[in-house]
$ cat coords_28.pdb   # PDB, C-alpha atoms, pLDDT in the B column
ATOM      1  CA  MET E   1      36.292 -39.109 -63.370  1.00 53.00           C
ATOM      2  CA  THR E   2      36.585 -40.436 -59.824  1.00 59.00           C
ATOM      3  CA  ALA E   3      33.874 -42.305 -57.936  1.00 56.00           C
ATOM      4  CA  ASP E   4      33.246 -39.172 -55.848  1.00 60.00           C
ATOM      5  CA  ASP E   5      32.852 -37.093 -59.023  1.00 62.00           C
ATOM      6  CA  GLU E   6      30.305 -39.567 -60.384  1.00 60.00           C
ATOM      7  CA  ARG E   7      28.289 -39.424 -57.162  1.00 69.00           C
ATOM      8  CA  ILE E   8      28.286 -35.626 -57.176  1.00 68.00           C
ATOM      9  CA  SER E   9      27.323 -35.521 -60.858  1.00 69.00           C
ATOM     10  CA  ASP E  10      24.399 -37.890 -60.281  1.00 70.00           C
ATOM     11  CA  TYR E  11      23.259 -35.854 -57.294  1.00 69.00           C
ATOM     12  CA  TRP E  12      22.952 -32.713 -59.420  1.00 69.00           C
ATOM     13  CA  SER E  13      22.101 -34.023 -62.897  1.00 71.00           C
ATOM     14  CA  SER E  14      20.218 -37.308 -62.653  1.00 75.00           C
ATOM     15  CA  LYS E  15      16.483 -36.938 -63.194  1.00 73.00           C
ATOM     16  CA  ASP E  16      16.046 -39.489 -60.398  1.00 78.00           C
ATOM     17  CA  SER E  17      17.888 -37.326 -57.881  1.00 80.00           C
ATOM     18  CA  ILE E  18      15.658 -36.021 -55.095  1.00 81.00           C
ATOM     19  CA  LYS E  19      17.609 -32.755 -55.151  1.00 76.00           C
ATOM     20  CA  VAL E  20      17.068 -32.275 -58.893  1.00 78.00           C
ATOM     21  CA  GLN E  21      13.369 -33.049 -58.598  1.00 79.00           C
ATOM     22  CA  ARG E  22      13.004 -30.524 -55.782  1.00 81.00           C
ATOM     23  CA  TYR E  23      14.672 -27.782 -57.827  1.00 77.00           C
ATOM     24  CA  LEU E  24      12.582 -28.553 -60.920  1.00 76.00           C
ATOM     25  CA  THR E  25       9.399 -28.466 -58.846  1.00 77.00           C
ATOM     26  CA  ASN E  26      10.437 -25.099 -57.423  1.00 74.00           C
ATOM     27  CA  ALA E  27      11.088 -23.842 -60.956  1.00 71.00           C
ATOM     28  CA  GLU E  28       7.392 -24.257 -61.751  1.00 71.00           C
ATOM     29  CA  ARG E  29       6.593 -21.729 -59.011  1.00 74.00           C
ATOM     30  CA  TYR E  30       9.032 -19.042 -60.128  1.00 69.00           C
ATOM     31  CA  ASP E  31       6.516 -17.234 -62.313  1.00 71.00           C
ATOM     32  CA  ARG E  32       3.967 -17.138 -59.478  1.00 75.00           C
ATOM     33  CA  VAL E  33       6.246 -16.193 -56.577  1.00 73.00           C
ATOM     34  CA  SER E  34       8.307 -13.035 -56.286  1.00 76.00           C
ATOM     35  CA  PRO E  35      12.004 -13.780 -56.867  1.00 70.00           C
ATOM     36  CA  GLU E  36      12.700 -11.577 -53.834  1.00 74.00           C
ATOM     37  CA  ALA E  37      11.045 -14.124 -51.523  1.00 78.00           C
ATOM     38  CA  VAL E  38      14.459 -15.520 -50.592  1.00 85.00           C
ATOM     39  CA  GLU E  39      17.079 -13.442 -48.804  1.00 87.00           C
ATOM     40  CA  ASP E  40      19.832 -13.659 -51.418  1.00 90.00           C
ATOM     41  CA  ALA E  41      17.449 -12.410 -54.115  1.00 90.00           C
ATOM     42  CA  ARG E  42      16.189  -9.605 -51.882  1.00 91.00           C
ATOM     43  CA  PHE E  43      19.776  -8.506 -51.306  1.00 93.00           C
ATOM     44  CA  LEU E  44      20.389  -8.459 -55.075  1.00 95.00           C
ATOM     45  CA  ASP E  45      17.181  -6.546 -55.745  1.00 95.00           C
ATOM     46  CA  LEU E  46      17.903  -3.821 -53.190  1.00 94.00           C
ATOM     47  CA  PHE E  47      21.650  -3.386 -53.335  1.00 95.00           C
ATOM     48  CA  VAL E  48      23.220  -5.059 -56.366  1.00 97.00           C
ATOM     49  CA  ALA E  49      21.124  -5.418 -59.512  1.00 97.00           C
ATOM     50  CA  PRO E  50      20.276  -1.692 -59.923  1.00 97.00           C
ATOM     51  CA  ARG E  51      23.983  -1.016 -60.439  1.00 97.00           C
ATOM     52  CA  TYR E  52      24.153  -3.288 -63.494  1.00 98.00           C
ATOM     53  CA  ALA E  53      21.435  -1.813 -65.705  1.00 97.00           C
ATOM     54  CA  GLY E  54      22.734  -2.010 -69.254  1.00 97.00           C
ATOM     55  CA  ARG E  55      25.865  -3.866 -68.136  1.00 98.00           C
ATOM     56  CA  SER E  56      26.933  -7.462 -68.690  1.00 98.00           C
ATOM     57  CA  VAL E  57      26.223 -10.007 -65.950  1.00 98.00           C
ATOM     58  CA  LEU E  58      27.141 -13.692 -65.841  1.00 98.00           C
ATOM     59  CA  ASP E  59      25.109 -15.767 -63.386  1.00 98.00           C
ATOM     60  CA  PHE E  60      26.874 -19.142 -63.265  1.00 98.00           C
ATOM     61  CA  GLY E  61      25.356 -22.217 -61.677  1.00 96.00           C
ATOM     62  CA  ALA E  62      21.978 -20.603 -62.338  1.00 95.00           C
ATOM     63  CA  GLY E  63      19.998 -23.849 -62.033  1.00 91.00           C
ATOM     64  CA  PRO E  64      16.475 -23.577 -63.478  1.00 90.00           C
ATOM     65  CA  GLY E  65      16.677 -19.758 -63.487  1.00 91.00           C
ATOM     66  CA  ARG E  66      15.215 -18.485 -60.223  1.00 89.00           C
ATOM     67  CA  LEU E  67      16.898 -15.070 -60.529  1.00 93.00           C
ATOM     68  CA  VAL E  68      16.379 -14.451 -64.250  1.00 94.00           C
ATOM     69  CA  PRO E  69      13.307 -12.155 -63.859  1.00 92.00           C
ATOM     70  CA  LEU E  70      15.084 -10.095 -61.207  1.00 94.00           C
ATOM     71  CA  TRP E  71      18.164  -9.418 -63.346  1.00 96.00           C
ATOM     72  CA  ALA E  72      15.953  -8.712 -66.362  1.00 94.00           C
ATOM     73  CA  ARG E  73      13.756  -6.241 -64.492  1.00 94.00           C
ATOM     74  CA  HIS E  74      16.842  -4.210 -63.625  1.00 96.00           C
ATOM     75  CA  GLY E  75      17.989  -4.176 -67.244  1.00 97.00           C
ATOM     76  CA  ALA E  76      21.118  -6.317 -66.983  1.00 98.00           C
ATOM     77  CA  LYS E  77      22.588  -7.843 -70.140  1.00 98.00           C
ATOM     78  CA  LEU E  78      22.254 -11.329 -68.753  1.00 98.00           C
ATOM     79  CA  THR E  79      24.084 -14.548 -69.524  1.00 98.00           C
ATOM     80  CA  CYS E  80      23.184 -17.576 -67.417  1.00 98.00           C
ATOM     81  CA  ALA E  81      25.389 -20.649 -67.259  1.00 98.00           C
ATOM     82  CA  GLU E  82      24.630 -24.114 -65.919  1.00 95.00           C
ATOM     83  CA  TRP E  83      26.299 -27.512 -66.283  1.00 93.00           C
ATOM     84  CA  SER E  84      23.417 -29.834 -65.340  1.00 90.00           C
ATOM     85  CA  ASP E  85      21.432 -31.168 -68.308  1.00 90.00           C
ATOM     86  CA  ALA E  86      18.484 -31.590 -65.954  1.00 89.00           C
ATOM     87  CA  PHE E  87      18.236 -27.811 -65.451  1.00 90.00           C
ATOM     88  CA  LEU E  88      19.300 -26.440 -68.834  1.00 93.00           C
ATOM     89  CA  PRO E  89      15.931 -26.672 -70.662  1.00 91.00           C
ATOM     90  CA  ASN E  90      14.171 -24.675 -67.925  1.00 89.00           C
ATOM     91  CA  LEU E  91      16.991 -22.168 -67.730  1.00 93.00           C
ATOM     92  CA  LYS E  92      17.205 -21.673 -71.485  1.00 95.00           C
ATOM     93  CA  SER E  93      13.442 -21.125 -71.765  1.00 93.00           C
ATOM     94  CA  ARG E  94      13.379 -18.573 -68.946  1.00 91.00           C
ATOM     95  CA  VAL E  95      16.438 -16.558 -69.890  1.00 95.00           C
ATOM     96  CA  GLU E  96      15.548 -16.334 -73.591  1.00 94.00           C
ATOM     97  CA  LYS E  97      12.056 -15.173 -72.634  1.00 93.00           C
ATOM     98  CA  PHE E  98      13.701 -12.127 -71.052  1.00 92.00           C
ATOM     99  CA  GLY E  99      16.151 -11.486 -73.877  1.00 94.00           C
ATOM    100  CA  GLY E 100      19.238 -13.069 -72.345  1.00 96.00           C
ATOM    101  CA  ARG E 101      21.175 -16.172 -73.259  1.00 97.00           C
ATOM    102  CA  ALA E 102      21.946 -19.502 -71.640  1.00 97.00           C
ATOM    103  CA  GLU E 103      25.174 -21.469 -71.923  1.00 97.00           C
ATOM    104  CA  LYS E 104      26.213 -24.914 -70.789  1.00 97.00           C
ATOM    105  CA  LEU E 105      29.269 -24.430 -68.611  1.00 97.00           C
ATOM    106  CA  ASP E 106      31.111 -26.551 -66.071  1.00 96.00           C
ATOM    107  CA  ILE E 107      32.920 -23.891 -64.065  1.00 97.00           C
ATOM    108  CA  THR E 108      35.396 -26.478 -62.761  1.00 96.00           C
ATOM    109  CA  ARG E 109      36.654 -27.249 -66.279  1.00 95.00           C
ATOM    110  CA  GLN E 110      35.715 -24.357 -68.581  1.00 96.00           C
ATOM    111  CA  HIS E 111      35.250 -20.645 -68.938  1.00 97.00           C
ATOM    112  CA  LEU E 112      33.406 -18.581 -71.526  1.00 97.00           C
ATOM    113  CA  PRO E 113      35.585 -16.680 -74.013  1.00 96.00           C
ATOM    114  CA  GLU E 114      34.315 -13.232 -73.031  1.00 97.00           C
ATOM    115  CA  THR E 115      34.475 -11.206 -69.831  1.00 97.00           C
ATOM    116  CA  PHE E 116      31.665  -9.598 -67.844  1.00 98.00           C
ATOM    117  CA  ASP E 117      31.088  -6.510 -65.715  1.00 98.00           C
ATOM    118  CA  LEU E 118      29.822  -8.830 -62.966  1.00 98.00           C
ATOM    119  CA  VAL E 119      30.435 -12.531 -62.450  1.00 98.00           C
ATOM    120  CA  PHE E 120      27.923 -13.791 -59.895  1.00 98.00           C
ATOM    121  CA  SER E 121      26.825 -16.963 -58.164  1.00 98.00           C
ATOM    122  CA  THR E 122      24.705 -17.866 -55.177  1.00 95.00           C
ATOM    123  CA  GLN E 123      24.811 -21.217 -53.395  1.00 91.00           C
ATOM    124  CA  VAL E 124      27.129 -22.750 -56.013  1.00 94.00           C
ATOM    125  CA  LEU E 125      30.674 -22.878 -54.659  1.00 96.00           C
ATOM    126  CA  LEU E 126      29.677 -24.939 -51.626  1.00 92.00           C
ATOM    127  CA  HIS E 127      28.655 -27.754 -53.994  1.00 91.00           C
ATOM    128  CA  ILE E 128      32.052 -27.947 -55.706  1.00 93.00           C
ATOM    129  CA  HIS E 129      34.291 -30.707 -54.406  1.00 93.00           C
ATOM    130  CA  PRO E 130      37.591 -29.547 -52.863  1.00 95.00           C
ATOM    131  CA  ARG E 131      39.394 -31.375 -55.664  1.00 94.00           C
ATOM    132  CA  HIS E 132      37.961 -28.880 -58.177  1.00 95.00           C
ATOM    133  CA  ILE E 133      37.454 -25.608 -56.295  1.00 96.00           C
ATOM    134  CA  ASP E 134      40.848 -24.186 -57.265  1.00 97.00           C
ATOM    135  CA  ALA E 135      40.074 -24.577 -60.980  1.00 97.00           C
ATOM    136  CA  ALA E 136      36.599 -23.107 -60.448  1.00 97.00           C
ATOM    137  CA  ILE E 137      37.932 -19.901 -58.867  1.00 98.00           C
ATOM    138  CA  ALA E 138      40.520 -19.611 -61.643  1.00 97.00           C
ATOM    139  CA  ASN E 139      37.755 -19.779 -64.261  1.00 97.00           C
ATOM    140  CA  VAL E 140      35.643 -17.232 -62.389  1.00 98.00           C
ATOM    141  CA  ARG E 141      38.588 -14.828 -62.431  1.00 97.00           C
ATOM    142  CA  ARG E 142      39.175 -15.361 -66.178  1.00 97.00           C
ATOM    143  CA  MET E 143      35.631 -14.192 -66.972  1.00 98.00           C
ATOM    144  CA  ALA E 144      35.628 -11.096 -64.745  1.00 97.00           C
ATOM    145  CA  LYS E 145      36.622  -7.692 -66.065  1.00 95.00           C
ATOM    146  CA  GLY E 146      35.135  -5.865 -63.102  1.00 92.00           C
ATOM    147  CA  ASP E 147      33.259  -7.196 -60.102  1.00 97.00           C
ATOM    148  CA  ILE E 148      32.795 -10.672 -58.685  1.00 98.00           C
ATOM    149  CA  LEU E 149      29.977 -11.344 -56.216  1.00 98.00           C
ATOM    150  CA  LEU E 150      29.780 -14.762 -54.571  1.00 98.00           C
ATOM    151  CA  ILE E 151      27.186 -15.832 -52.013  1.00 96.00           C
ATOM    152  CA  THR E 152      27.922 -19.152 -50.360  1.00 93.00           C
ATOM    153  CA  TRP E 153      27.571 -21.171 -47.199  1.00 86.00           C
ATOM    154  CA  GLN E 154      30.578 -21.482 -44.959  1.00 79.00           C
ATOM    155  CA  SER E 155      30.558 -22.994 -41.489  1.00 78.00           C
ATOM    156  CA  ASP E 156      33.144 -22.608 -38.771  1.00 76.00           C
ATOM    157  CA  ASN E 157      34.263 -26.206 -39.224  1.00 81.00           C
ATOM    158  CA  PRO E 158      37.695 -26.973 -40.668  1.00 86.00           C
ATOM    159  CA  PHE E 159      37.988 -26.896 -44.438  1.00 93.00           C
ATOM    160  CA  ASP E 160      37.173 -30.103 -46.291  1.00 93.00           C
ATOM    161  CA  THR E 161      39.991 -31.962 -47.994  1.00 92.00           C
ATOM    162  CA  VAL E 162      40.218 -33.545 -51.435  1.00 91.00           C
ATOM    163  CA  ASP E 163      39.493 -36.886 -49.746  1.00 91.00           C
ATOM    164  CA  SER E 164      36.092 -35.772 -48.494  1.00 88.00           C
ATOM    165  CA  PRO E 165      33.406 -38.388 -49.311  1.00 85.00           C
ATOM    166  CA  LYS E 166      30.539 -35.869 -49.204  1.00 85.00           C
ATOM    167  CA  VAL E 167      28.437 -34.879 -52.222  1.00 81.00           C
ATOM    168  CA  GLN E 168      27.434 -31.370 -51.123  1.00 81.00           C
ATOM    169  CA  SER E 169      28.066 -28.520 -48.662  1.00 87.00           C
ATOM    170  CA  PHE E 170      31.849 -28.373 -48.743  1.00 92.00           C
ATOM    171  CA  ASN E 171      33.960 -25.904 -46.772  1.00 93.00           C
ATOM    172  CA  HIS E 172      36.645 -24.073 -48.754  1.00 95.00           C
ATOM    173  CA  ASP E 173      39.421 -21.666 -47.805  1.00 95.00           C
ATOM    174  CA  TYR E 174      37.972 -18.872 -49.937  1.00 96.00           C
ATOM    175  CA  LEU E 175      40.252 -16.067 -48.828  1.00 95.00           C
ATOM    176  CA  SER E 176      43.369 -18.004 -49.785  1.00 96.00           C
ATOM    177  CA  LEU E 177      41.815 -18.990 -53.110  1.00 97.00           C
ATOM    178  CA  PHE E 178      40.839 -15.399 -53.920  1.00 97.00           C
ATOM    179  CA  ALA E 179      44.324 -14.126 -53.164  1.00 96.00           C
ATOM    180  CA  LYS E 180      45.921 -16.878 -55.232  1.00 96.00           C
ATOM    181  CA  HIS E 181      43.879 -16.020 -58.329  1.00 96.00           C
ATOM    182  CA  GLY E 182      44.115 -12.236 -58.246  1.00 94.00           C
ATOM    183  CA  CYS E 183      40.700 -11.440 -56.789  1.00 96.00           C
ATOM    184  CA  ARG E 184      40.888  -8.435 -54.462  1.00 96.00           C
ATOM    185  CA  LEU E 185      38.482  -8.696 -51.532  1.00 96.00           C
ATOM    186  CA  ASN E 186      36.455  -5.491 -51.158  1.00 96.00           C
ATOM    187  CA  LEU E 187      33.729  -6.725 -48.811  1.00 95.00           C
ATOM    188  CA  GLU E 188      32.992  -9.782 -46.692  1.00 95.00           C
ATOM    189  CA  MET E 189      29.718  -9.959 -44.776  1.00 92.00           C
ATOM    190  CA  GLY E 190      27.113 -12.383 -43.477  1.00 89.00           C
ATOM    191  CA  LEU E 191      23.678 -13.011 -44.955  1.00 84.00           C
ATOM    192  CA  THR E 192      21.153 -14.858 -42.810  1.00 82.00           C
ATOM    193  CA  PHE E 193      18.766 -17.229 -44.543  1.00 77.00           C
ATOM    194  CA  GLY E 194      15.502 -18.396 -42.991  1.00 68.00           C
ATOM    195  CA  ALA E 195      15.097 -15.891 -40.167  1.00 61.00           C
ATOM    196  CA  THR E 196      12.231 -14.015 -41.859  1.00 59.00           C
ATOM    197  CA  ARG E 197      10.343 -17.224 -42.670  1.00 54.00           C
ATOM    198  CA  GLY E 198      10.257 -18.803 -39.243  1.00 56.00           C
ATOM    199  CA  ARG E 199      12.912 -21.357 -40.086  1.00 54.00           C
ATOM    200  CA  GLY E 200      16.219 -22.073 -38.433  1.00 57.00           C
ATOM    201  CA  ALA E 201      18.538 -19.296 -39.530  1.00 65.00           C
ATOM    202  CA  VAL E 202      21.590 -20.251 -41.590  1.00 69.00           C
ATOM    203  CA  THR E 203      24.349 -17.706 -42.048  1.00 79.00           C
ATOM    204  CA  ASN E 204      25.996 -17.506 -45.461  1.00 89.00           C
ATOM    205  CA  LYS E 205      28.862 -15.328 -46.622  1.00 93.00           C
ATOM    206  CA  ILE E 206      28.826 -12.601 -49.243  1.00 95.00           C
ATOM    207  CA  TYR E 207      32.154 -11.917 -50.922  1.00 97.00           C
ATOM    208  CA  LEU E 208      32.446  -8.844 -53.133  1.00 97.00           C
ATOM    209  CA  LEU E 209      35.669  -8.976 -55.130  1.00 98.00           C
ATOM    210  CA  ALA E 210      37.422  -6.973 -57.788  1.00 96.00           C
ATOM    211  CA  ALA E 211      39.269  -8.627 -60.620  1.00 89.00           C
ATOM    212  CA  ALA E 212      42.683  -7.223 -59.817  1.00 75.00           C
ATOM    213  CA  PRO E 213      44.904  -6.420 -62.807  1.00 70.00           C
ATOM    214  CA  PRO E 214      47.905  -8.651 -63.326  1.00 56.00           C
ATOM    215  CA  ALA E 215      50.996  -7.626 -61.420  1.00 55.00           C
ATOM    216  CA  PRO E 216      53.495  -5.680 -63.562  1.00 60.00           C
ATOM    217  CA  PRO E 217      56.596  -7.607 -64.551  1.00 58.00           C
ATOM    218  CA  ALA E 218      59.536  -7.251 -62.236  1.00 57.00           C
ATOM    219  CA  SER E 219      62.096  -4.649 -63.265  1.00 57.00           C
ATOM    220  CA  PRO E 220      65.245  -6.208 -64.710  1.00 56.00           C
ATOM    221  CA  LEU E 221      68.280  -6.045 -62.546  1.00 55.00           C
ATOM    222  CA  ALA E 222      70.647  -3.207 -63.398  1.00 42.00           C
TER     223      ALA E 222
END
$ encode --input "coords_28.pdb" --output "structure tokens"
Amino acid sequence: MTADDERISDYWSSKDSIKVQRYLTNAERYDRVSPEAVEDARFLDLFVAPRYAGRSVLDFGAGPGRLVPLWARHGAKLTCAEWSDAFLPNLKSRVEKFGGRAEKLDITRQHLPETFDLVFSTQVLLHIHPRHIDAAIANVRRMAKGDILLITWQSDNPFDTVDSPKVQSFNHDYLSLFAKHGCRLNLEMGLTFGATRGRGAVTNKIYLLAAAPPAPPASPLA
């Protein structure tokens, strides 16, 4: 593990991390606040989750489980995955309460053995260092038998490099990564966060992908 990897790991898994404490505090409000209070969840509730009633959904990088009640209300067969030990107890408690399951998974190094009708994440890929994003997209593709839906921040700045010293909010060349790993882009659109709550609006990207079948082998030469 490099020094940058250790800094990123501490940022997302140390109980002393301000970011972790903020997420855990928010988790205590999830049962009192509608999960549709944030724009990405409202988008799922209106346009995505109804399609997956009775179908298998993997929500990776699920944190403390903000979206668990939403998926459950629409009848998805839900699996939530998270790598941070700081978030796993909350996530496991919430997802099992609604009849789903929780798994510990580092998407940059592992994939689950099964495939899912939908592989989903929101605000996860931007936190993966450029050194590991290629492996992460490869693992996403391995677990998808149908759709892939990724919601993530992406600015107009140049893409970050593997030498980036940052610990969060990385820019990645998603379209090249998707093409490399056999993910067919069906839809790319913007999703504005903050505009309805009187905050400075931040535009994120929604990528709807299909897990393209492997290319047939080339015909032998005559």
$ atom_distance --input "coords_28.pdb" --atom1 "CA of Leu70 in chain E" --atom2 "CA of Leu44 in chain E"
8.3 Å
$ residues_around --input "coords_28.pdb" --residues "Val119 in chain E" --least-positions-apart "2" --cutoff "9 Å" --atoms "only C-alpha atoms" --output "ChimeraX atom specification"
/E:56-60,115-117,121,140-141,143-150
$ resolve_selection --input "coords_28.pdb" --expression "the PyMOL selection byres ((chain E and resi 127) around 8)" --output "PyMOL selection string"
chain E and resi 123-126+128-129+167-170
$ resolve_selection --input "coords_28.pdb" --expression "the PyMOL selection byres ((chain E and resi 136) around 9)" --output "number ranges by chain"
E: 106-111, 125, 128, 132-135, 137-141
$ atom_distance --input "coords_28.pdb" --atom1 "CA of Asp160 in chain E" --atom2 "CA of Arg142 in chain E"
24.8 Å
$ resolve_selection --input "coords_28.pdb" --expression "the PyMOL selection byres ((chain E and resi 52) around 8)" --output "ChimeraX atom specification"
/E:48-51,53-57,74-76,117-118
$ closest_residue --input "coords_28.pdb" --among "E:Leu24, E:Ala211, E:Leu46, E:Ala41" --to "Pro89 in chain E" --atoms "only C-alpha atoms"
E:Leu24
$ closest_residue --input "coords_28.pdb" --among "E:Gly65, E:Gly99, E:Trp83, E:Arg184" --to "Arg29 in chain E" --atoms "only C-alpha atoms"
E:Gly65
$ closest_residue --input "coords_28.pdb" --among "E:Asn90, E:Thr161, E:Asn186, E:Ser34" --to "Arg73 in chain E" --atoms "all atoms listed in the file"
E:Ser34
$ atom_distance --input "coords_28.pdb" --atom1 "CA of Lys19 in chain E" --atom2 "CA of Arg101 in chain E"
24.8 Å
$ closest_residue --input "coords_28.pdb" --among "E:Leu67, E:Leu175, E:Val95, E:Ala27" --to "Glu39 in chain E" --atoms "all atoms listed in the file"
E:Leu67
$ closest_residue --input "coords_28.pdb" --among "E:Gln154, E:Thr203, E:Asn26, E:Ser93" --to "Asp40 in chain E" --atoms "only C-alpha atoms"
E:Thr203
$ decode --input "coords_28.pdb" --residues "range 38-113 of chain E" --atoms "C-alpha atoms" --output "short mmCIF file (atom, residue, chain, number, x, y, z; two decimals), in the first residue's frame"
data_model
loop_
_atom_site.label_atom_id
_atom_site.label_comp_id
_atom_site.auth_asym_id
_atom_site.auth_seq_id
_atom_site.Cartn_x
_atom_site.Cartn_y
_atom_site.Cartn_z
CA VAL E 38 -31.44 14.30 -1.90
CA GLU E 39 -31.55 14.58 -5.68
CA ASP E 40 -29.86 11.27 -6.53
CA ALA E 41 -32.35 9.38 -4.35
CA ARG E 42 -35.29 11.27 -5.85
CA PHE E 43 -34.09 10.31 -9.32
CA LEU E 44 -33.89 6.64 -8.26
CA ASP E 45 -37.33 6.75 -6.66
CA LEU E 46 -39.05 8.25 -9.71
CA PHE E 47 -37.23 6.72 -12.64
CA VAL E 48 -35.06 3.75 -11.66
CA ALA E 49 -36.09 1.69 -8.64
CA PRO E 50 -39.63 0.82 -9.87
CA ARG E 51 -38.05 -1.09 -12.75
CA TYR E 52 -36.20 -3.45 -10.40
CA ALA E 53 -39.05 -4.83 -8.30
CA GLY E 54 -38.26 -8.48 -7.70
CA ARG E 55 -34.89 -8.17 -9.46
CA SER E 56 -31.36 -8.28 -8.07
CA VAL E 57 -29.61 -5.00 -7.29
CA LEU E 58 -26.08 -4.44 -6.01
CA ASP E 59 -25.49 -1.05 -4.40
CA PHE E 60 -21.71 -0.84 -3.92
CA GLY E 61 -20.04 1.79 -1.78
CA ALA E 62 -23.33 2.03 0.10
CA GLY E 63 -21.83 3.68 3.19
CA PRO E 64 -24.14 3.54 6.22
CA GLY E 65 -27.13 2.65 4.01
CA ARG E 66 -28.91 5.87 3.07
CA LEU E 67 -30.72 4.28 0.11
CA VAL E 68 -31.65 0.94 1.67
CA PRO E 69 -35.29 1.88 2.53
CA LEU E 70 -35.84 3.24 -0.98
CA TRP E 71 -34.68 0.07 -2.74
CA ALA E 72 -36.64 -2.06 -0.26
CA ARG E 73 -39.86 -0.11 -0.75
CA HIS E 74 -39.69 -0.82 -4.47
CA GLY E 75 -39.18 -4.53 -3.86
CA ALA E 76 -35.61 -4.94 -5.11
CA LYS E 77 -33.62 -8.01 -4.08
CA LEU E 78 -30.93 -5.89 -2.51
CA THR E 79 -27.28 -6.55 -1.80
CA CYS E 80 -25.26 -3.67 -0.36
CA ALA E 81 -21.48 -3.65 -0.38
CA GLU E 82 -19.05 -1.42 1.50
CA TRP E 83 -15.33 -1.62 2.26
CA SER E 84 -15.08 0.74 5.26
CA ASP E 85 -15.25 -1.00 8.65
CA ALA E 86 -16.54 2.27 10.09
CA PHE E 87 -19.74 2.02 8.02
CA LEU E 88 -20.35 -1.73 7.87
CA PRO E 89 -22.18 -2.17 11.22
CA ASN E 90 -24.73 0.52 10.32
CA LEU E 91 -25.13 -0.82 6.81
CA LYS E 92 -25.53 -4.43 7.91
CA SER E 93 -28.17 -3.48 10.50
CA ARG E 94 -30.19 -1.43 8.02
CA VAL E 95 -30.09 -3.79 5.06
CA GLU E 96 -30.91 -6.90 7.10
CA LYS E 97 -33.85 -5.05 8.65
CA PHE E 98 -35.32 -4.83 5.15
CA GLY E 99 -34.52 -8.40 4.15
CA GLY E 100 -31.39 -7.74 2.11
CA ARG E 101 -27.77 -8.60 2.74
CA ALA E 102 -24.56 -6.69 3.31
CA GLU E 103 -21.09 -7.65 2.12
CA LYS E 104 -17.65 -6.25 2.76
CA LEU E 105 -16.20 -5.44 -0.64
CA ASP E 106 -13.32 -3.31 -1.88
CA ILE E 107 -14.37 -2.68 -5.47
CA THR E 108 -10.78 -1.80 -6.42
CA ARG E 109 -9.54 -5.29 -5.50
CA GLN E 110 -12.52 -7.68 -5.44
CA HIS E 111 -15.82 -8.63 -6.96
CA LEU E 112 -18.65 -10.78 -5.66
CA PRO E 113 -19.02 -14.21 -7.28
#
